[in-house]
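For reference, run26.pdb (PDB, C-alpha atoms):
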ATOM      1  CA  MET A   6      58.377-116.619-107.008
ATOM      2  CA  VAL A   7      55.241-115.104-105.544
ATOM      3  CA  ASP A   8      52.191-117.315-106.016
ATOM      4  CA  GLN A   9      48.456-117.191-105.382
ATOM      5  CA  SER A  10      48.965-117.848-101.677
ATOM      6  CA  ALA A  11      49.955-114.174-101.370
ATOM      7  CA  VAL A  12      46.429-113.021-102.285
ATOM      8  CA  GLY A  13      44.702-111.695 -99.190
ATOM      9  CA  ARG A  14      47.940-110.990 -97.321
ATOM     10  CA  THR A  15      47.712-107.774 -95.308
ATOM     11  CA  PHE A  16      50.532-105.595 -94.029
ATOM     12  CA  THR A  17      51.089-103.324 -91.064
ATOM     13  CA  PRO A  18      48.753-100.294 -91.224
ATOM     14  CA  VAL A  19      50.546 -96.959 -91.572
ATOM     15  CA  THR A  20      49.313 -93.750 -89.943
ATOM     16  CA  ALA A  21      50.623 -90.470 -91.368
ATOM     17  CA  ARG A  22      50.004 -86.834 -90.588
ATOM     18  CA  VAL A  23      49.722 -84.317 -93.427
ATOM     19  CA  GLU A  24      52.343 -81.767 -92.357
ATOM     20  CA  SER A  25      52.687 -78.475 -94.211
ATOM     21  CA  GLY A  26      56.522 -78.383 -94.022
ATOM     22  CA  ARG A  27      57.186 -81.686 -95.692
ATOM     23  CA  LEU A  28      54.305 -81.120 -98.116
ATOM     24  CA  ARG A  29      56.081 -77.887 -99.141
ATOM     25  CA  PHE A  30      59.235 -79.943 -99.870
ATOM     26  CA  PHE A  31      57.164 -82.133-102.217
ATOM     27  CA  LEU A  32      55.558 -79.105-103.903
ATOM     28  CA  ASP A  33      58.939 -77.389-104.371
ATOM     29  CA  THR A  34      60.482 -80.583-105.761
ATOM     30  CA  LEU A  35      57.808 -80.711-108.459
ATOM     31  CA  GLY A  36      57.947 -76.968-109.117
ATOM     32  CA  GLU A  37      54.295 -76.813-108.063
ATOM     33  CA  LYS A  38      53.217 -73.175-107.809
ATOM     34  CA  ASN A  39      49.435 -73.613-107.929
ATOM     35  CA  PRO A  40      48.084 -71.351-105.137
ATOM     36  CA  VAL A  41      45.455 -73.960-104.217
ATOM     37  CA  TYR A  42      48.195 -75.985-102.461
ATOM     38  CA  HIS A  43      49.847 -73.155-100.598
ATOM     39  CA  ASP A  44      48.648 -73.248 -97.066
ATOM     40  CA  ASP A  45      49.065 -69.555 -96.210
ATOM     41  CA  LYS A  46      46.779 -68.563 -99.066
ATOM     42  CA  ALA A  47      44.345 -71.310 -98.195
ATOM     43  CA  ALA A  48      44.399 -70.287 -94.526
ATOM     44  CA  ALA A  49      43.508 -66.725 -95.511
ATOM     45  CA  THR A  50      40.340 -68.008 -97.133
ATOM     46  CA  GLY A  51      39.501 -70.215 -94.165
ATOM     47  CA  PHE A  52      40.061 -73.588 -95.847
ATOM     48  CA  ALA A  53      42.891 -76.016 -95.235
ATOM     49  CA  ALA A  54      44.974 -76.726 -98.330
ATOM     50  CA  PRO A  55      44.341 -80.020-100.134
ATOM     51  CA  VAL A  56      47.110 -82.481-100.964
ATOM     52  CA  PRO A  57      48.172 -83.074-104.589
ATOM     53  CA  PRO A  58      46.600 -86.106-106.309
ATOM     54  CA  THR A  59      49.542 -88.496-105.849
ATOM     55  CA  TYR A  60      50.555 -87.428-102.342
ATOM     56  CA  LEU A  61      48.766 -90.256-100.550
ATOM     57  CA  PHE A  62      51.331 -92.624-102.057
ATOM     58  CA  CYS A  63      54.111 -90.550-100.467
ATOM     59  CA  LEU A  64      52.479 -90.271 -97.052
ATOM     60  CA  GLU A  65      52.208 -94.032 -96.800
ATOM     61  CA  MET A  66      55.912 -94.504 -97.570
ATOM     62  CA  MET A  67      57.145 -91.599 -95.443
ATOM     63  CA  ASP A  68      55.548 -92.715 -92.213
ATOM     64  CA  SER A  69      55.970 -96.453 -92.625
ATOM     65  CA  THR A  70      58.530 -98.007 -90.306
ATOM     66  CA  GLU A  71      59.283-100.448 -93.153
ATOM     67  CA  PRO A  72      58.349 -98.834 -96.503
ATOM     68  CA  PHE A  73      59.125-101.971 -98.510
ATOM     69  CA  GLU A  74      57.479-104.339 -96.005
ATOM     70  CA  PHE A  75      55.329-106.066 -98.606
ATOM     71  CA  LEU A  76      58.377-106.810-100.766
ATOM     72  CA  ASN A  77      60.283-108.211 -97.823
ATOM     73  CA  ALA A  78      57.262-110.186 -96.617
ATOM     74  CA  LEU A  79      56.828-111.761-100.060
ATOM     75  CA  ASP A  80      60.586-112.283-100.455
ATOM     76  CA  ILE A  81      60.852-109.987-103.497
ATOM     77  CA  ASP A  82      64.167-108.323-104.335
ATOM     78  CA  LEU A  83      63.723-104.530-104.573
ATOM     79  CA  ALA A  84      66.145-104.446-107.531
ATOM     80  CA  ARG A  85      63.707-106.592-109.564
ATOM     81  CA  VAL A  86      60.654-104.422-109.046
ATOM     82  CA  LEU A  87      59.076-101.865-111.386
ATOM     83  CA  HIS A  88      55.917 -99.854-110.880
ATOM     84  CA  GLY A  89      53.375-101.074-113.421
ATOM     85  CA  GLU A  90      50.192 -99.165-112.658
ATOM     86  CA  GLN A  91      48.827 -96.794-110.042
ATOM     87  CA  ARG A  92      45.277 -95.805-109.282
ATOM     88  CA  PHE A  93      43.641 -93.415-106.809
ATOM     89  CA  ASP A  94      39.905 -93.254-106.047
ATOM     90  CA  TYR A  95      39.070 -90.197-103.982
ATOM     91  CA  HIS A  96      35.977 -90.254-101.762
ATOM     92  CA  ALA A  97      36.573 -87.200 -99.531
ATOM     93  CA  PRO A  98      39.191 -84.418 -99.328
ATOM     94  CA  VAL A  99      42.514 -84.898 -97.534
ATOM     95  CA  VAL A 100      43.917 -81.611 -96.266
ATOM     96  CA  VAL A 101      46.864 -80.254 -94.292
ATOM     97  CA  GLY A 102      46.472 -81.224 -90.635
ATOM     98  CA  ASP A 103      44.673 -84.509 -91.332
ATOM     99  CA  THR A 104      45.922 -87.811 -89.992
ATOM    100  CA  VAL A 105      45.343 -90.672 -92.399
ATOM    101  CA  THR A 106      45.655 -94.419 -91.959
ATOM    102  CA  PHE A 107      46.576 -96.823 -94.761
ATOM    103  CA  LYS A 108      45.579-100.503 -94.705
ATOM    104  CA  PRO A 109      47.222-102.412 -97.569
ATOM    105  CA  ARG A 110      46.346-105.893 -98.833
ATOM    106  CA  VAL A 111      47.324-108.034-101.814
ATOM    107  CA  THR A 112      44.356-108.483-104.161
ATOM    108  CA  SER A 113      45.879-110.304-107.114
ATOM    109  CA  VAL A 114      48.944-112.121-108.366
ATOM    110  CA  THR A 115      49.279-112.786-112.106
ATOM    111  CA  ASP A 116      52.104-114.423-114.024
ATOM    112  CA  LYS A 117      52.981-112.898-117.413
ATOM    113  CA  LYS A 118      55.182-113.945-120.284
ATOM    114  CA  GLY A 119      55.441-117.559-119.160
ATOM    115  CA  GLY A 120      56.562-116.606-115.674
ATOM    116  CA  ALA A 121      59.181-114.029-116.750
ATOM    117  CA  MET A 122      57.145-111.399-114.911
ATOM    118  CA  THR A 123      54.689-111.442-112.030
ATOM    119  CA  LEU A 124      52.169-108.644-111.528
ATOM    120  CA  ILE A 125      51.142-108.055-107.928
ATOM    121  CA  VAL A 126      48.278-105.720-107.055
ATOM    122  CA  VAL A 127      48.206-104.125-103.602
ATOM    123  CA  GLU A 128      45.023-102.242-102.720
ATOM    124  CA  THR A 129      44.989 -99.840 -99.797
ATOM    125  CA  ALA A 130      42.007 -98.330 -98.007
ATOM    126  CA  VAL A 131      42.678 -94.867 -96.584
ATOM    127  CA  THR A 132      40.715 -93.404 -93.675
ATOM    128  CA  ASN A 133      41.119 -90.127 -91.807
ATOM    129  CA  GLN A 134      41.143 -89.154 -88.117
ATOM    130  CA  ASN A 135      37.321 -89.138 -88.064
ATOM    131  CA  GLY A 136      37.047 -92.620 -89.520
ATOM    132  CA  VAL A 137      35.953 -91.261 -92.917
ATOM    133  CA  HIS A 138      36.958 -93.507 -95.802
ATOM    134  CA  VAL A 139      38.752 -90.835 -97.853
ATOM    135  CA  ALA A 140      40.365 -92.865-100.629
ATOM    136  CA  ASP A 141      41.366 -96.198-102.071
ATOM    137  CA  THR A 142      44.659 -96.685-103.825
ATOM    138  CA  SER A 143      45.813 -99.531-106.003
ATOM    139  CA  ARG A 144      49.373-100.163-107.054
ATOM    140  CA  THR A 145      50.541-102.800-109.484
ATOM    141  CA  ILE A 146      54.086-103.986-109.029
ATOM    142  CA  VAL A 147      55.935-105.759-111.824
ATOM    143  CA  VAL A 148      58.495-108.288-110.624
ATOM    144  CA  ARG A 149      61.129-109.251-113.194
ATOM    145  CA  ASN A 150      61.673-112.868-112.240
ATOM    146  CA  ALA A 151      65.076-114.478-112.459
ATOM    147  CA  ARG A 152      65.420-116.761-115.474
ATOM    148  CA  PRO A 153      66.341-120.320-114.595
ATOM    149  CA  SER A 154      69.841-120.840-115.987
TER     150      SER A 154
ATOM    151  CA  MET B  25      36.283 -74.725-124.082
ATOM    152  CA  SER B  26      36.667 -74.761-120.321
ATOM    153  CA  ALA B  27      37.102 -77.351-117.607
ATOM    154  CA  ALA B  28      33.605 -76.517-116.303
ATOM    155  CA  HIS B  29      31.768 -77.168-119.592
ATOM    156  CA  PRO B  30      33.987 -79.428-121.627
ATOM    157  CA  SER B  31      33.097 -81.136-124.880
ATOM    158  CA  ILE B  32      34.355 -84.480-126.090
ATOM    159  CA  GLY B  33      37.697 -83.983-127.813
ATOM    160  CA  ASP B  34      38.667 -80.886-125.826
ATOM    161  CA  ILE B  35      42.265 -80.891-124.652
ATOM    162  CA  ILE B  36      41.821 -79.350-121.213
ATOM    163  CA  VAL B  37      45.173 -80.458-119.725
ATOM    164  CA  HIS B  38      48.492 -79.433-121.254
ATOM    165  CA  LYS B  39      51.766 -78.744-119.478
ATOM    166  CA  GLU B  40      55.464 -79.121-120.206
ATOM    167  CA  PHE B  41      58.129 -79.796-117.589
ATOM    168  CA  PRO B  42      61.886 -79.172-117.401
ATOM    169  CA  PRO B  43      64.329 -82.048-118.095
ATOM    170  CA  ILE B  44      64.603 -84.752-115.411
ATOM    171  CA  THR B  45      67.954 -84.351-113.635
ATOM    172  CA  ARG B  46      69.790 -86.492-111.078
ATOM    173  CA  HIS B  47      69.286 -83.646-108.647
ATOM    174  CA  ARG B  48      65.502 -83.787-109.166
ATOM    175  CA  LEU B  49      65.505 -87.539-108.515
ATOM    176  CA  ALA B  50      67.479 -87.038-105.293
ATOM    177  CA  LEU B  51      65.045 -84.361-104.148
ATOM    178  CA  TYR B  52      62.053 -86.533-105.040
ATOM    179  CA  CYS B  53      63.569 -89.447-103.106
ATOM    180  CA  GLY B  54      63.501 -87.308 -99.958
ATOM    181  CA  ALA B  55      60.280 -85.449-100.654
ATOM    182  CA  SER B  56      58.247 -88.563-101.469
ATOM    183  CA  GLY B  57      59.608 -91.061 -98.954
ATOM    184  CA  ASP B  58      60.409 -93.432-101.849
ATOM    185  CA  HIS B  59      63.997 -94.306-101.033
ATOM    186  CA  ASN B  60      64.386 -97.089-103.591
ATOM    187  CA  PRO B  61      68.101 -96.722-104.474
ATOM    188  CA  ILE B  62      67.475 -97.674-108.112
ATOM    189  CA  HIS B  63      66.503 -94.022-108.775
ATOM    190  CA  VAL B  64      69.503 -92.336-107.165
ATOM    191  CA  ASP B  65      72.364 -94.825-106.773
ATOM    192  CA  LEU B  66      74.114 -95.565-110.072
ATOM    193  CA  ASP B  67      75.940 -98.596-108.648
ATOM    194  CA  PHE B  68      72.666-100.136-107.489
ATOM    195  CA  ALA B  69      70.953 -99.412-110.831
ATOM    196  CA  LYS B  70      73.796-101.038-112.795
ATOM    197  CA  GLN B  71      73.759-104.085-110.553
ATOM    198  CA  ALA B  72      70.029-104.384-111.230
ATOM    199  CA  GLY B  73      70.766-104.452-114.976
ATOM    200  CA  PHE B  74      69.999-100.844-115.922
ATOM    201  CA  PRO B  75      72.483 -98.559-117.719
ATOM    202  CA  ASP B  76      71.774 -95.659-115.372
ATOM    203  CA  VAL B  77      69.352 -94.451-112.716
ATOM    204  CA  PHE B  78      65.890 -93.534-113.988
ATOM    205  CA  SER B  79      62.906 -91.575-112.771
ATOM    206  CA  HIS B  80      60.486 -92.722-110.130
ATOM    207  CA  GLY B  81      57.241 -93.496-111.940
ATOM    208  CA  MET B  82      55.496 -91.530-109.212
ATOM    209  CA  LEU B  83      57.530 -88.387-109.979
ATOM    210  CA  VAL B  84      56.196 -88.572-113.529
ATOM    211  CA  MET B  85      52.674 -89.239-112.224
ATOM    212  CA  GLY B  86      53.188 -86.284-109.867
ATOM    213  CA  TYR B  87      53.870 -84.066-112.893
ATOM    214  CA  LEU B  88      50.772 -85.450-114.600
ATOM    215  CA  GLY B  89      48.776 -84.701-111.445
ATOM    216  CA  GLN B  90      50.147 -81.162-111.449
ATOM    217  CA  ALA B  91      49.088 -80.676-115.071
ATOM    218  CA  LEU B  92      45.659 -82.073-114.161
ATOM    219  CA  THR B  93      45.110 -79.781-111.169
ATOM    220  CA  ASP B  94      46.220 -76.741-113.173
ATOM    221  CA  ALA B  95      42.994 -77.360-115.102
ATOM    222  CA  VAL B  96      40.752 -78.947-112.456
ATOM    223  CA  ALA B  97      40.462 -78.205-108.726
ATOM    224  CA  PRO B  98      41.791 -81.152-106.657
ATOM    225  CA  SER B  99      38.405 -81.470-104.911
ATOM    226  CA  ARG B 100      36.753 -82.282-108.264
ATOM    227  CA  ILE B 101      38.964 -85.262-109.118
ATOM    228  CA  ARG B 102      37.104 -88.510-108.424
ATOM    229  CA  SER B 103      39.738 -90.915-109.707
ATOM    230  CA  PHE B 104      43.179 -90.747-111.259
ATOM    231  CA  SER B 105      44.989 -93.743-112.649
ATOM    232  CA  THR B 106      47.868 -94.531-114.914
ATOM    233  CA  ARG B 107      49.883 -97.288-116.464
ATOM    234  CA  PHE B 108      53.649 -96.817-116.513
ATOM    235  CA  ALA B 109      54.228 -97.684-120.162
ATOM    236  CA  ALA B 110      57.984 -97.082-120.321
ATOM    237  CA  ILE B 111      60.853 -96.092-118.082
ATOM    238  CA  THR B 112      61.457 -92.323-117.962
ATOM    239  CA  GLN B 113      65.159 -91.674-118.484
ATOM    240  CA  LEU B 114      67.384 -88.865-117.241
ATOM    241  CA  GLY B 115      67.069 -85.764-119.400
ATOM    242  CA  ALA B 116      63.499 -86.551-120.421
ATOM    243  CA  ARG B 117      61.474 -83.441-121.170
ATOM    244  CA  LEU B 118      57.901 -84.389-120.385
ATOM    245  CA  THR B 119      54.664 -83.094-121.825
ATOM    246  CA  CYS B 120      51.409 -83.999-120.090
ATOM    247  CA  GLU B 121      48.054 -83.854-121.851
ATOM    248  CA  GLY B 122      44.461 -84.668-121.073
ATOM    249  CA  THR B 123      41.613 -84.994-123.548
ATOM    250  CA  VAL B 124      37.913 -85.307-122.732
ATOM    251  CA  THR B 125      36.744 -88.707-124.007
ATOM    252  CA  GLU B 126      33.319 -89.118-122.383
ATOM    253  CA  LEU B 127      30.700 -87.179-120.466
ATOM    254  CA  ILE B 128      29.115 -89.490-117.910
ATOM    255  CA  GLU B 129      27.002 -89.562-114.801
ATOM    256  CA  GLN B 130      28.556 -91.291-111.818
ATOM    257  CA  ASP B 131      26.962 -91.545-108.352
ATOM    258  CA  GLY B 132      24.426 -88.895-109.370
ATOM    259  CA  GLU B 133      27.124 -86.467-110.460
ATOM    260  CA  LYS B 134      27.852 -85.132-113.944
ATOM    261  CA  CYS B 135      31.433 -86.073-114.727
ATOM    262  CA  ALA B 136      33.931 -86.048-117.564
ATOM    263  CA  LYS B 137      36.341 -88.841-118.334
ATOM    264  CA  LEU B 138      39.780 -87.702-119.465
ATOM    265  CA  ALA B 139      42.412 -89.697-121.331
ATOM    266  CA  LEU B 140      45.795 -88.646-119.980
ATOM    267  CA  THR B 141      49.249 -89.068-121.478
ATOM    268  CA  THR B 142      52.778 -88.135-120.572
ATOM    269  CA  LYS B 143      55.245 -88.189-123.456
ATOM    270  CA  ASP B 144      58.947 -87.415-123.646
ATOM    271  CA  GLN B 145      60.648 -85.123-126.178
ATOM    272  CA  ASN B 146      60.655 -87.961-128.738
ATOM    273  CA  GLY B 147      56.916 -88.469-128.429
ATOM    274  CA  GLU B 148      57.333 -91.770-126.595
ATOM    275  CA  ILE B 149      54.447 -92.449-124.215
ATOM    276  CA  LYS B 150      55.697 -92.854-120.651
ATOM    277  CA  LEU B 151      52.353 -92.793-118.863
ATOM    278  CA  ALA B 152      48.898 -93.537-120.222
ATOM    279  CA  GLY B 153      46.110 -92.885-117.794
ATOM    280  CA  GLU B 154      42.645 -91.707-117.038
ATOM    281  CA  ALA B 155      40.861 -89.345-114.686
ATOM    282  CA  ILE B 156      37.207 -88.870-113.795
ATOM    283  CA  ILE B 157      36.403 -85.281-112.838
ATOM    284  CA  ALA B 158      33.164 -83.859-111.480
ATOM    285  CA  LEU B 159      31.804 -80.982-113.574
TER     286      LEU B 159
END

Spit out the file's structure as structure tokens when you get a sec.
Amino acid sequence: MVDQSAVGRTFTPVTARVESGRLRFFLDTLGEKNPVYHDDKAAATGFAAPVPPTYLFCLEMMDSTEPFEFLNALDIDLARVLHGEQRFDYHAPVVVGDTVTFKPRVTSVTDKKGGAMTLIVVETAVTNQNGVHVADTSRTIVVRNARPS
Amino acid sequence: MSAAHPSIGDIIVHKEFPPITRHRLALYCGASGDHNPIHVDLDFAKQAGFPDVFSHGMLVMGYLGQALTDAVAPSRIRSFSTRFAAITQLGARLTCEGTVTELIEQDGEKCAKLALTTKDQNGEIKLAGEAIIAL
């Protein structure tokens, strides 16, 4: 079981480029037709298209060499994990063509229901190619711990 | 009522989405980079103790984000957070809503706080969240 010693653990930074082709795949998958995201229209007005509000989460997974690194590092079985909470704080726009870097770290570990569940919070600072701190994300993972038999 | 001059109690976000299909989950797996097999591989899901595959929480949050940015330009969203209250099953028809709960000033900016929900066709809350938007 994950314990307090995990707090402060950091994982390999991930650098991802916001590419219009794979962003279009995401937009099409969600049936997103809002013209604000469609690069050709944005290009016509001279501004690069922004990414949708949850897309930072995807970029980090897509360009990670080991998307479930933190689970493996903490010896957590993927089959026992649920997503409990997700938060994004946006400080500056992220647009098509940007290159963003994610630096994740564990900020809390909490046992629930007498140890039946453990909540793990991973906070990630996101910076762009100019060193601008564009966002912070926070994900809470729920681990369904094995019951002692 | 508009997103630019909202009042407390205004429902400024409202959108309905088509039923969640296995095909959608497979597409989202590829489009999002979240390759957790629990959402697309029935054998894996059963072994993990679930009766079937189920939606990525982040697909549902993606729909909520879409509903939000239909009403508010992405550049005006200061924060967006949610709790995944219940698993979203196959076939779920989701409705996303956002209600203005507070008008605040944050970092010298006039902002509105929105309470966000995503419910299925039975009215069960799947996501309960919050956004701060600049006015």

From (40.7, -78.8, -96.8), in the file's coordinates, out to 8 Å: which residues are reached, counting all atoms listed in the file? Answer as a list in words.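 Taken together, the residues in range are Phe52, Ala53, Ala54, Pro55, Pro98, Val99, Val100 and Val101 of chain A.
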
For each of B:Gly89, B:Ile44, B:Leu51, B:Ile32, take the minimum atom-to-atom distance to Leu114 of chain B, counting all atoms listed in the file, then give the residue where this is smallest.
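Looking at the shortest contact to Leu114 of chain B, the residue is B:Ile44.
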
Q. Between atom CA of Phe68 of chain B and atom CA of Arg117 of chain B, what is the spacing in Å?
A.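 Distance reported for this atom pair: 24.3 Å.
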
(Q) Taking only C-alpha atoms into account, find every residue of chain A that has an atom no more than 9 Å from chain B, and write it out as a ChimeraX atom specification. (A) /A:27-37,39,41,55-60,62-68,72-73,83-85,87-98,143,145

Would you mind listing what lies within 8 Å of segment 10-21 of chain A as a PyMOL selection string, with all atoms listed in the file counted and same-chain residues fewer than 4 positions away left out? chain A and resi 64-65+67-69+74-75+79+104-114

Give me, as a list in words, all polymer residues having an atom no more than 10 Å from Leu118 of chain B, counting all atoms listed in the file and skipping those fewer than 2 positions away in the same chain.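 Once the nearby chain positions are removed, what remains is Lys39, Glu40, Phe41, Pro42, Pro43, Ile44, Val84, Tyr87, Leu88, Thr112, Gly115, Ala116, Cys120, Glu121, Thr141, Thr142, Lys143, Asp144, Gln145, Asn146, Gly147, Glu148, Ile149 and Lys150 of chain B.
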
TODO: State, in Å with one decimal place, the distance from atom CA of Gln130 of chain B to atom CA of Thr132 of chain A.
DONE: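 Separation of atom CA of Gln130 of chain B and atom CA of Thr132 of chain A: 21.9 Å.
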
Correct to one decimal, the distance atom CA of Thr115 of chain A-atom CA of Glu71 of chain A is 24.7 Å

Incomplete segment 120-148 of chain B filled out to N, CA and C atoms as a JSON list (two decimals), keeping the file's coordinate frame:
[["chain", "number", "residue", "atom", "x", "y", "z"],
["B", 120, "CYS", "N", 52.60, -83.30, -120.59],
["B", 120, "CYS", "CA", 51.41, -84.00, -120.09],
["B", 120, "CYS", "C", 50.17, -83.42, -120.78],
["B", 121, "GLU", "N", 49.28, -84.30, -121.19],
["B", 121, "GLU", "CA", 48.05, -83.85, -121.85],
["B", 121, "GLU", "C", 46.85, -84.65, -121.38],
["B", 122, "GLY", "N", 45.71, -84.00, -121.42],
["B", 122, "GLY", "CA", 44.46, -84.67, -121.07],
["B", 122, "GLY", "C", 43.35, -84.24, -122.00],
["B", 123, "THR", "N", 42.67, -85.23, -122.58],
["B", 123, "THR", "CA", 41.61, -84.99, -123.55],
["B", 123, "THR", "C", 40.31, -85.57, -123.03],
["B", 124, "VAL", "N", 39.23, -84.82, -123.16],
["B", 124, "VAL", "CA", 37.91, -85.31, -122.73],
["B", 124, "VAL", "C", 37.46, -86.41, -123.69],
["B", 125, "THR", "N", 37.17, -87.59, -123.15],
["B", 125, "THR", "CA", 36.74, -88.71, -124.01],
["B", 125, "THR", "C", 35.27, -89.08, -123.82],
["B", 126, "GLU", "N", 34.71, -88.74, -122.64],
["B", 126, "GLU", "CA", 33.32, -89.12, -122.38],
["B", 126, "GLU", "C", 32.72, -88.16, -121.38],
["B", 127, "LEU", "N", 31.44, -87.90, -121.51],
["B", 127, "LEU", "CA", 30.70, -87.18, -120.47],
["B", 127, "LEU", "C", 29.75, -88.20, -119.85],
["B", 128, "ILE", "N", 29.84, -88.40, -118.55],
["B", 128, "ILE", "CA", 29.12, -89.49, -117.91],
["B", 128, "ILE", "C", 28.43, -88.99, -116.64],
["B", 129, "GLU", "N", 27.56, -89.84, -116.12],
["B", 129, "GLU", "CA", 27.00, -89.56, -114.80],
["B", 129, "GLU", "C", 27.46, -90.69, -113.88],
["B", 130, "GLN", "N", 28.01, -90.30, -112.74],
["B", 130, "GLN", "CA", 28.56, -91.29, -111.82],
["B", 130, "GLN", "C", 28.13, -90.91, -110.41],
["B", 131, "ASP", "N", 27.47, -91.82, -109.71],
["B", 131, "ASP", "CA", 26.96, -91.54, -108.35],
["B", 131, "ASP", "C", 26.14, -90.25, -108.32],
["B", 132, "GLY", "N", 25.31, -90.05, -109.34],
["B", 132, "GLY", "CA", 24.43, -88.90, -109.37],
["B", 132, "GLY", "C", 25.10, -87.59, -109.72],
["B", 133, "GLU", "N", 26.34, -87.66, -110.18],
["B", 133, "GLU", "CA", 27.12, -86.47, -110.46],
["B", 133, "GLU", "C", 27.48, -86.44, -111.94],
["B", 134, "LYS", "N", 27.39, -85.27, -112.56],
["B", 134, "LYS", "CA", 27.85, -85.13, -113.94],
["B", 134, "LYS", "C", 29.38, -85.08, -113.93],
["B", 135, "CYS", "N", 29.97, -85.96, -114.73],
["B", 135, "CYS", "CA", 31.43, -86.07, -114.73],
["B", 135, "CYS", "C", 31.96, -86.13, -116.15],
["B", 136, "ALA", "N", 33.24, -85.84, -116.28],
["B", 136, "ALA", "CA", 33.93, -86.05, -117.56],
["B", 136, "ALA", "C", 35.05, -87.06, -117.35],
["B", 137, "LYS", "N", 35.22, -87.90, -118.36],
["B", 137, "LYS", "CA", 36.34, -88.84, -118.33],
["B", 137, "LYS", "C", 37.44, -88.26, -119.23],
["B", 138, "LEU", "N", 38.65, -88.23, -118.70],
["B", 138, "LEU", "CA", 39.78, -87.70, -119.46],
["B", 138, "LEU", "C", 40.76, -88.82, -119.77],
["B", 139, "ALA", "N", 41.27, -88.84, -121.00],
["B", 139, "ALA", "CA", 42.41, -89.70, -121.33],
["B", 139, "ALA", "C", 43.66, -88.87, -121.12],
["B", 140, "LEU", "N", 44.59, -89.39, -120.34],
["B", 140, "LEU", "CA", 45.80, -88.65, -119.98],
["B", 140, "LEU", "C", 47.02, -89.32, -120.58],
["B", 141, "THR", "N", 47.97, -88.51, -121.03],
["B", 141, "THR", "CA", 49.25, -89.07, -121.48],
["B", 141, "THR", "C", 50.39, -88.21, -120.97],
["B", 142, "THR", "N", 51.52, -88.85, -120.77],
["B", 142, "THR", "CA", 52.78, -88.14, -120.57],
["B", 142, "THR", "C", 53.75, -88.69, -121.60],
["B", 143, "LYS", "N", 54.29, -87.78, -122.42],
["B", 143, "LYS", "CA", 55.24, -88.19, -123.46],
["B", 143, "LYS", "C", 56.57, -87.48, -123.22],
["B", 144, "ASP", "N", 57.65, -88.10, -123.72],
["B", 144, "ASP", "CA", 58.95, -87.42, -123.65],
["B", 144, "ASP", "C", 59.16, -86.60, -124.91],
["B", 145, "GLN", "N", 60.36, -86.02, -125.05],
["B", 145, "GLN", "CA", 60.65, -85.12, -126.18],
["B", 145, "GLN", "C", 60.64, -85.85, -127.52],
["B", 146, "ASN", "N", 60.71, -87.19, -127.49],
["B", 146, "ASN", "CA", 60.66, -87.96, -128.74],
["B", 146, "ASN", "C", 59.24, -88.44, -129.05],
["B", 147, "GLY", "N", 58.30, -88.05, -128.21],
["B", 147, "GLY", "CA", 56.92, -88.47, -128.43],
["B", 147, "GLY", "C", 56.62, -89.85, -127.87],
["B", 148, "GLU", "N", 57.59, -90.44, -127.16],
["B", 148, "GLU", "CA", 57.33, -91.77, -126.60],
["B", 148, "GLU", "C", 56.42, -91.65, -125.37]]
